[in-house]
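Read through the structure below, which is laid out as structure tokens, and then see the notes.
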Amino acid sequence: MITSWNVRGLNKDAKHREVNSFLYTVQVPIVALLETIVKQINAERIRKSFGSMWNFIDNYSHHHNGRIWLLWKSQEVNIRVLQVEEQYIHIEVLGLDNRTCYLATIVYAYNQLERRLDLWKQIDSLGSNVTIPWIVLGDYNNVRTCQDRIGGNPVSVKEYRDLDDMMQRLGLFEAPTRGCHFTWSNKQSSGVIYSRIDRVIGNVQWFQTFQDVIVEVLPPGISDHSPIRVSCLTPQAGRRTMFKFINCVTRREGFQDVVRYSWCQQAHGTAMHRLWVKLKRLQAPLRPLHKNFTGIQIQIQQARQDLIEAQQNLQTDLFDGNAIDSVKVHTNTLLELHRVEEEFLRQKAKIDWLNLGDGN
């Protein structure tokens, strides 16, 4: 379907040859290359090395280094450019019959928090009237949770509050990913930092339309960022994971909005058939909400370790207000995860009782 990769410094011959090899093997019709740092005068020479099958869009009109290159194969997909800015390219992806498949916004956000605020406002404006499938992907230069960075400065709420607010306003949800959790590293042997700043988010319609979508964090290769590949694969017969509703998800923020929006969509047939269609349709948008409740034992172990580290940090200065607050936050997180685990086990026990109870 589509891949994004921050390649940083594509003007080096060895690097653009490696990217050319990546384009040959990635097997998607649309690729976004970010932070190319290629002067416009050199862009055509490098693009020719990629082969004649690729078409190009860029944002040189808004930034002298063309921070975003968008490539696509016209023999597989059509692209209509809707808007180009410094920090994103907004497109409409169409089939070869020119029917709209979905909207896509490729972002490469600035490092500065203040400048990213402009991006969130622009995405707000783009999504205010969107009623068709839409994904926003790329390098956000922004974490979303305290677990999205290891090393460096601790994550603070103000780092991700604005991004979260924008996603909630537009009804956008992050897609579950396969592969490594972290997408960037400074690759330093001393003082190493890992962060999750590249991601894919989408609206309810996108998750409903592409229910078999797979989002993979690929090995970083020559870059300090990992490519993210979004593809739709047909599951093997008999191998598809059965959807299981977890009661805890009803407490997640946005749950009511997701259910309300999906339930209001029209369905045809008898009353029972309409009920079945609506329940079936709910599975796709609810899957992202289930993500935080899977692997609960691993989450508890990580939360326990985070609490121990926070308490150890507090010992260096027992009157440090930030350290005290950090201990409180990690304590509450660990207790909440235990409550979730207990509720999940109670739900599982009821299912076992229904299956085995008659056998006494």
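How things are named: the first chain in the structure tokens is A, the next is B, and so on; residues count from 1 in each chain; ligands count from 1 in the order shown.
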Review point. Can you list, as a list of chain:residue names, every protein, DNA or RNA residue that comes within 7 Å of A:Val28 when you count only C-alpha atoms, leaving out same-chain residues fewer than 5 positions away?
Key: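 With the cut-off at 7 Å, the set is A:Met1, A:Ile2, A:Thr3.
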Distance table requested - stretch 75-159 of chain A against stretch 58-67 of chain A, cut-off 12 Å, only C-alpha atoms: one row per qualifying residue with the closest atom pair and its distance in Å to one decimal, ordered by chain and rising residue number, as CSV.
residue,atom,partner,partner_atom,distance
A:Val81,CA,A:Asp58,CA,10.3
A:Gln83,CA,A:Asn59,CA,9.8
A:Val84,CA,A:Asn59,CA,6.2
A:Glu85,CA,A:His62,CA,5.9
A:Glu86,CA,A:His62,CA,5.2
A:Gln87,CA,A:Arg67,CA,7.7
A:Tyr88,CA,A:Asn59,CA,8.1
A:Ile89,CA,A:Asn59,CA,7.3
A:His90,CA,A:Asn59,CA,10.8
A:Ile91,CA,A:Asp58,CA,11.7
A:Ile106,CA,A:Asp58,CA,10.9
A:Val107,CA,A:Arg67,CA,9.5
A:Tyr108,CA,A:Arg67,CA,7.2
A:Ala109,CA,A:Arg67,CA,9.6
A:Tyr110,CA,A:Arg67,CA,10.2
A:Gly138,CA,A:Arg67,CA,11.7
A:Asp139,CA,A:Arg67,CA,11.1
Point to revise | Minimum-distance residue to A:Glu114, chosen among A:Leu163, A:Cys232, A:Cys248, A:Leu307 (using only C-alpha atoms) | key: A:Leu163
Exercise for review: Fewer than 3 positions away in the same chain doesn't count, so skip those; otherwise give me all residues within 10 Å of A:Gly191, counting only C-alpha atoms, as an MDAnalysis selection string.
Suggested key: chainID A and resid 151:152 186:188
If you keep all heavy atoms, can you produce a file of those selected residues as a short mmCIF file (atom, residue, chain, number, x, y, z; two decimals), in the first residue's frame?
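The resulting out16.cif:
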data_model
loop_
_atom_site.label_atom_id
_atom_site.label_comp_id
_atom_site.auth_asym_id
_atom_site.auth_seq_id
_atom_site.Cartn_x
_atom_site.Cartn_y
_atom_site.Cartn_z
N GLY A 151 16.21 6.37 27.40
CA GLY A 151 17.42 7.17 27.36
C GLY A 151 17.06 8.64 27.14
O GLY A 151 15.94 8.98 26.77
N GLY A 152 18.03 9.52 27.36
CA GLY A 152 17.76 10.94 27.19
C GLY A 152 16.88 11.47 28.30
O GLY A 152 16.76 10.89 29.38
N ASN A 186 19.68 7.28 18.17
CA ASN A 186 20.84 8.12 17.85
C ASN A 186 22.09 7.29 17.54
O ASN A 186 23.13 7.82 17.17
CB ASN A 186 21.13 9.11 18.98
CG ASN A 186 21.49 8.41 20.29
OD1 ASN A 186 21.45 7.18 20.40
ND2 ASN A 186 21.83 9.19 21.30
N LYS A 187 21.99 5.97 17.71
CA LYS A 187 23.05 5.02 17.36
C LYS A 187 24.38 5.36 18.03
O LYS A 187 25.45 5.21 17.44
CB LYS A 187 23.22 4.93 15.85
CG LYS A 187 22.03 4.30 15.13
CD LYS A 187 22.32 3.99 13.68
CE LYS A 187 21.17 3.22 13.05
NZ LYS A 187 21.43 2.88 11.64
N GLN A 188 24.32 5.85 19.26
CA GLN A 188 25.51 6.17 20.03
C GLN A 188 25.82 5.03 20.99
O GLN A 188 24.93 4.53 21.67
CB GLN A 188 25.32 7.47 20.81
CG GLN A 188 25.01 8.68 19.95
CD GLN A 188 26.17 9.03 19.04
OE1 GLN A 188 27.33 9.03 19.45
NE2 GLN A 188 25.86 9.32 17.78
#
Check your understanding: stretch 15-162 of chain A: which residues are helix (DSSP H, G or I) by DSSP, as a ChimeraX atom specification?
Key -> /A:15-26,40-48,113-127,146-148,157-162
Point to revise | Given only C-alpha atoms as the counted atoms, nearest of A:Phe245, A:Tyr24, A:Trp184, A:Phe173 to A:Ile201 | key: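 Of A:Phe245, A:Tyr24, A:Trp184, A:Phe173, the one nearest A:Ile201, counting only C-alpha atoms, is A:Phe173.
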Near-A:Trp206 list (7 Å; only C-alpha atoms; drop same-chain fewer than 2 positions) as a PDB file with all heavy atoms, in the first residue's frame:
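This went into selection_7.pdb:
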ATOM      1  N   PRO A 133     -12.034   7.076   4.090  1.00  0.00           N
ATOM      2  CA  PRO A 133     -10.823   6.559   4.744  1.00  0.00           C
ATOM      3  C   PRO A 133      -9.643   7.519   4.610  1.00  0.00           C
ATOM      4  O   PRO A 133      -9.389   8.060   3.535  1.00  0.00           O
ATOM      5  CB  PRO A 133     -10.567   5.242   4.006  1.00  0.00           C
ATOM      6  CG  PRO A 133     -11.912   4.812   3.519  1.00  0.00           C
ATOM      7  CD  PRO A 133     -12.640   6.079   3.181  1.00  0.00           C
ATOM      8  N   TRP A 134      -8.901   7.701   5.708  1.00  0.00           N
ATOM      9  CA  TRP A 134      -7.801   8.672   5.745  1.00  0.00           C
ATOM     10  C   TRP A 134      -6.730   8.186   6.702  1.00  0.00           C
ATOM     11  O   TRP A 134      -7.032   7.777   7.823  1.00  0.00           O
ATOM     12  CB  TRP A 134      -8.359  10.022   6.207  1.00  0.00           C
ATOM     13  CG  TRP A 134      -7.359  11.132   6.337  1.00  0.00           C
ATOM     14  CD1 TRP A 134      -6.284  11.383   5.534  1.00  0.00           C
ATOM     15  CD2 TRP A 134      -7.350  12.152   7.339  1.00  0.00           C
ATOM     16  NE1 TRP A 134      -5.610  12.500   5.954  1.00  0.00           N
ATOM     17  CE2 TRP A 134      -6.235  13.001   7.066  1.00  0.00           C
ATOM     18  CE3 TRP A 134      -8.175  12.455   8.428  1.00  0.00           C
ATOM     19  CZ2 TRP A 134      -5.941  14.109   7.857  1.00  0.00           C
ATOM     20  CZ3 TRP A 134      -7.871  13.554   9.206  1.00  0.00           C
ATOM     21  CH2 TRP A 134      -6.762  14.378   8.917  1.00  0.00           C
ATOM     22  N   ILE A 135      -5.470   8.207   6.246  1.00  0.00           N
ATOM     23  CA  ILE A 135      -4.354   7.907   7.136  1.00  0.00           C
ATOM     24  C   ILE A 135      -3.365   9.073   7.114  1.00  0.00           C
ATOM     25  O   ILE A 135      -3.243   9.785   6.118  1.00  0.00           O
ATOM     26  CB  ILE A 135      -3.618   6.599   6.774  1.00  0.00           C
ATOM     27  CG1 ILE A 135      -3.090   6.628   5.333  1.00  0.00           C
ATOM     28  CG2 ILE A 135      -4.474   5.400   7.032  1.00  0.00           C
ATOM     29  CD1 ILE A 135      -2.154   5.471   5.035  1.00  0.00           C
ATOM     30  N   GLY A 202      -4.998   6.644  11.696  1.00  0.00           N
ATOM     31  CA  GLY A 202      -6.079   6.667  10.716  1.00  0.00           C
ATOM     32  C   GLY A 202      -7.411   6.899  11.377  1.00  0.00           C
ATOM     33  O   GLY A 202      -7.556   6.766  12.601  1.00  0.00           O
ATOM     34  N   ASN A 203      -8.403   7.241  10.554  1.00  0.00           N
ATOM     35  CA  ASN A 203      -9.745   7.436  11.085  1.00  0.00           C
ATOM     36  C   ASN A 203     -10.515   6.116  11.088  1.00  0.00           C
ATOM     37  O   ASN A 203     -10.031   5.083  10.589  1.00  0.00           O
ATOM     38  CB  ASN A 203     -10.491   8.533  10.318  1.00  0.00           C
ATOM     39  CG  ASN A 203     -10.698   8.195   8.843  1.00  0.00           C
ATOM     40  OD1 ASN A 203     -10.318   7.117   8.373  1.00  0.00           O
ATOM     41  ND2 ASN A 203     -11.292   9.113   8.096  1.00  0.00           N
ATOM     42  N   VAL A 204     -11.698   6.149  11.646  1.00  0.00           N
ATOM     43  CA  VAL A 204     -12.503   4.933  11.784  1.00  0.00           C
ATOM     44  C   VAL A 204     -12.802   4.323  10.422  1.00  0.00           C
ATOM     45  O   VAL A 204     -12.737   3.100  10.235  1.00  0.00           O
ATOM     46  CB  VAL A 204     -13.818   5.256  12.529  1.00  0.00           C
ATOM     47  CG1 VAL A 204     -14.745   4.049  12.517  1.00  0.00           C
ATOM     48  CG2 VAL A 204     -13.528   5.673  13.962  1.00  0.00           C
ATOM     49  N   GLN A 208     -12.102   0.517   9.110  1.00  0.00           N
ATOM     50  CA  GLN A 208     -13.222  -0.306   8.669  1.00  0.00           C
ATOM     51  C   GLN A 208     -13.018  -0.815   7.244  1.00  0.00           C
ATOM     52  O   GLN A 208     -13.352  -1.954   6.922  1.00  0.00           O
ATOM     53  CB  GLN A 208     -14.524   0.496   8.749  1.00  0.00           C
ATOM     54  CG  GLN A 208     -15.022   0.747  10.155  1.00  0.00           C
ATOM     55  CD  GLN A 208     -16.288   1.582  10.176  1.00  0.00           C
ATOM     56  OE1 GLN A 208     -16.570   2.316   9.226  1.00  0.00           O
ATOM     57  NE2 GLN A 208     -17.036   1.495  11.248  1.00  0.00           N
ATOM     58  N   THR A 209     -12.468   0.040   6.379  1.00  0.00           N
ATOM     59  CA  THR A 209     -12.297  -0.314   4.975  1.00  0.00           C
ATOM     60  C   THR A 209     -11.165  -1.310   4.785  1.00  0.00           C
ATOM     61  O   THR A 209     -11.274  -2.258   4.006  1.00  0.00           O
ATOM     62  CB  THR A 209     -12.021   0.949   4.138  1.00  0.00           C
ATOM     63  OG1 THR A 209     -13.098   1.872   4.311  1.00  0.00           O
ATOM     64  CG2 THR A 209     -11.896   0.596   2.662  1.00  0.00           C
ATOM     65  N   PHE A 210     -10.059  -1.117   5.510  1.00  0.00           N
ATOM     66  CA  PHE A 210      -8.876  -1.971   5.356  1.00  0.00           C
ATOM     67  C   PHE A 210      -8.687  -2.802   6.625  1.00  0.00           C
ATOM     68  O   PHE A 210      -7.787  -2.550   7.424  1.00  0.00           O
ATOM     69  CB  PHE A 210      -7.646  -1.116   5.063  1.00  0.00           C
ATOM     70  CG  PHE A 210      -7.792  -0.241   3.850  1.00  0.00           C
ATOM     71  CD1 PHE A 210      -8.050   1.116   3.980  1.00  0.00           C
ATOM     72  CD2 PHE A 210      -7.714  -0.782   2.577  1.00  0.00           C
ATOM     73  CE1 PHE A 210      -8.199   1.929   2.868  1.00  0.00           C
ATOM     74  CE2 PHE A 210      -7.855   0.021   1.447  1.00  0.00           C
ATOM     75  CZ  PHE A 210      -8.102   1.380   1.599  1.00  0.00           C
TER      76      PHE A 210
END
Practice item. Name the residues in contact with stretch 47-57 of chain A at a cut-off of 10 Å, using only C-alpha atoms, excluding same-chain residues fewer than 3 positions from it; report them as a list in words. Key: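 Once the adjacent positions are removed, what remains is His16, Arg17, Val19, Asn20, Ser21, Leu23, Tyr24, Pro29, Ile30, Val31, Ala32, Asn42, Ala43, Glu44, Tyr60, Gly66, Ile68, Trp69, Leu70, Leu71, Trp72, Lys73, Ser74, Gln75, Ile79, Val81, Val84 and Ile89 of chain A.
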Exercise for review: Please provide as a list in words all residues within 12 Å of stretch 273-277 of chain A, with the sequence filter that same-chain residues fewer than 6 positions apart are discarded (counting only C-alpha atoms).
Suggested key: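 These residues fall inside the cut-off: Ser262, Trp263, Cys264, Gln265, Gln266, Ala267 and Gln283 of chain A.
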Review point. Which is closer to A:Leu172 than all the others in A:Glu253, A:Glu35, A:Asp306, A:Leu218, using only C-alpha atoms?
Key: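 The closest residue to A:Leu172 is A:Glu253.
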Exercise for review: Skip A:Ile222 itself and residues of its chain fewer than 4 positions away, then list as an MDAnalysis selection string all residues within 9 Å of it, counting only C-alpha atoms.
Suggested key: chainID A and resid 7 15 18:19
Exercise for review: DSSP on the backbone, then: every residue of stretch 125-282 of chain A marked strand (DSSP E), written as number ranges by chain.
Suggested key: A: 134-139, 149-150, 172-174, 177-179, 184-185, 194-195, 198-203, 213-217, 228-232
Check your understanding: Using only C-alpha atoms, which of the listed residues (A:Gln302, A:Asp164, A:Ser195, A:Ser223) sits closest to A:Gly9?
Key ->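 Looking only at the distances to A:Gly9, the closest residue turns out to be A:Ser223.
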Review point. Of the residues A:Asn322, A:Gln315, A:Asn11, A:Gln27, which is the one nearest to A:Lys39, using only C-alpha atoms?
Key: A:Asn11
